[in-house]
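As structure tokens, the structure follows; a few thoughts come after it.
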Amino acid sequence: MKTTMVRGPLWAKRRGELSELAFFYKAASLGFGVAKPWGDSERYDFIVDSGQRLWRVQVKSGSYHQNRRYGLHGMCGNRQQTQYTSGEIDILAAYLIPLDVWYVIPVEKIQNRWLLFFPYGGARCGHYEEYREAWSLMAPQTSDASFLSTDLQNGRARPGYLNPRFL
């Protein structure tokens with residue numbers, strides 16, 4: 001699928017690059033530290049710092065739906081088309097571009113090479129709906145729920161903490 005832009009069609013590689021920028025913006029705006037590895041030789045696209053640990057995150061995106069569902073490849077881009085393992089990544093972040101919706105999925109929960117998302121509901125096999133906007137999976141582990149609050153004096157999120165307006 002292509003989208004026409006100022007300089008011509010927006011092909012899959014460019015959409016992927018833009019999705020990575022969207023991930024960077026979203027994660028940083030939630031207060032996470034975000035780093036991009038040099039080159040593209042690693043299986044992960046980003047390193048996300050929660051303040052307690054580092055997460056290896058692979059970003060995947062989709063821009064069209066069929067029968068009220070979105071499908072994304074949940075596998076490596078190598079020729080063997082292998083599934084990601086916990087030795088390679090910690091989180092797969094799936095971005096549904098037209099809806100501006102993120103699914104933050106632990107790699108252990110990925111069930112198939114082809115990931116199906118049902119953001120409109122109504123599907124019995126919506127395995128990943130519990131991970132929709134689940135940014136808190138990467139948040140610091142604390143018994144205090146204050147990491148979900150904003151600074152009441154200026155209305156902005158405290159650095160290093162999740163802001164609920166982005167959840």
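Note on naming: chains are A, B, ... as they come in the structure tokens, residues start from 1 per chain, ligands start from 1 in the order shown.
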
Tell me, as a tab-separated table (two decimals) with N, CA and C atoms, in the first residue's frame, which residues lie within 12 Å of Leu21 of chain A, counting only C-alpha atoms; anything in the same chain fewer than 4 positions away does not count.
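This went into out-v4.tsv:
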chain	number	residue	atom	x	y	z
A	14	ARG	N	9.88	3.78	4.16
A	14	ARG	CA	9.72	5.13	4.70
A	14	ARG	C	8.66	5.16	5.80
A	15	ARG	N	7.57	4.40	5.63
A	15	ARG	CA	6.56	4.32	6.70
A	15	ARG	C	7.17	3.73	7.97
A	16	GLY	N	8.04	2.73	7.81
A	16	GLY	CA	8.73	2.14	8.96
A	16	GLY	C	9.62	3.15	9.66
A	17	GLU	N	10.33	3.94	8.88
A	17	GLU	CA	11.18	4.98	9.46
A	17	GLU	C	10.36	6.01	10.21
A	25	TYR	N	9.22	9.64	19.77
A	25	TYR	CA	8.47	10.76	20.34
A	25	TYR	C	7.55	10.29	21.47
A	26	LYS	N	6.82	9.21	21.23
A	26	LYS	CA	5.87	8.72	22.23
A	26	LYS	C	6.59	8.30	23.51
A	27	ALA	N	7.64	7.47	23.38
A	27	ALA	CA	8.36	6.99	24.55
A	27	ALA	C	9.03	8.14	25.30
A	28	ALA	N	9.65	9.06	24.58
A	28	ALA	CA	10.31	10.20	25.24
A	28	ALA	C	9.29	11.10	25.91
A	34	VAL	N	15.40	7.29	25.68
A	34	VAL	CA	15.35	6.52	24.44
A	34	VAL	C	16.66	6.68	23.69
A	35	ALA	N	17.24	5.54	23.28
A	35	ALA	CA	18.47	5.56	22.51
A	35	ALA	C	18.30	4.68	21.28
A	36	LYS	N	18.96	5.09	20.20
A	36	LYS	CA	18.92	4.34	18.94
A	36	LYS	C	20.30	3.76	18.71
A	45	ASP	N	15.32	-2.04	17.62
A	45	ASP	CA	15.41	-0.70	17.03
A	45	ASP	C	15.79	0.36	18.06
A	46	PHE	N	15.39	0.15	19.32
A	46	PHE	CA	15.63	1.15	20.36
A	46	PHE	C	16.03	0.48	21.67
A	59	VAL	N	10.36	-2.18	16.77
A	59	VAL	CA	9.16	-1.47	16.33
A	59	VAL	C	8.67	-2.07	15.01
A	60	LYS	N	7.39	-2.39	14.96
A	60	LYS	CA	6.73	-2.85	13.74
A	60	LYS	C	5.52	-1.95	13.52
A	61	SER	N	5.12	-1.76	12.27
A	61	SER	CA	3.97	-0.91	12.00
A	61	SER	C	3.12	-1.47	10.88
A	95	TYR	N	2.71	-0.60	15.95
A	95	TYR	CA	2.06	0.69	15.74
A	95	TYR	C	1.06	0.58	14.60
A	97	ILE	N	-0.73	2.69	12.30
A	97	ILE	CA	-0.54	4.06	11.86
A	97	ILE	C	-1.85	4.86	11.73

(request) May I have the residues within 12 Å of Leu54 of chain A as a list in words, using only C-alpha atoms and disregarding those fewer than 3 positions away in the same chain? (result) Phe32, Gly33, Val34, Ala35, Phe46, Ile47, Val48, Asp49, Ser50, Gly51, Val57, Ile89, Asp90, Ile91, Met138, Ala139 and Pro140 of chain A

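With only C-alpha atoms as the atoms that count, the residue of A:Asp100, A:Gln141, A:Arg43, A:Arg132 with the shortest distance to Cys76 of chain A is A:Arg43.
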
(message) So the first atom is atom CA of Pro106 of chain A and the second is atom CA of Asn67 of chain A; what is the distance between them in Å, to one decimal place?
(response)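 We find that atom CA of Pro106 of chain A and atom CA of Asn67 of chain A lie 25.9 Å from each other.
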
(request) Would you mind telling me which residue in A:Trp11, A:Phe117, A:Tyr131, A:Gln66 lies nearest to Leu96 of chain A when using only C-alpha atoms? (result)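 Closest to Leu96 of chain A, using only C-alpha atoms: A:Phe117.
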
(message) Can you measure atom CA of Asp40 of chain A to atom CA of Arg53 of chain A for me? One decimal in Å is fine.
(response) 22.3 Å

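Distance annotation: of A:Ser86, A:Tyr64, A:Trp114, A:Tyr128, the residue with the minimal separation from Leu99 of chain A is A:Tyr64; atom set is only C-alpha atoms.
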
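The space between atom CA of Pro98 of chain A and atom CA of Tyr70 of chain A spans 10.5 Å.
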
(message) With DSSP run on the backbone, what are the helix (DSSP H, G or I) residues within segment 4-104 of chain A? I'd like them as a ChimeraX atom specification.
(response) /A:12-29,97-99
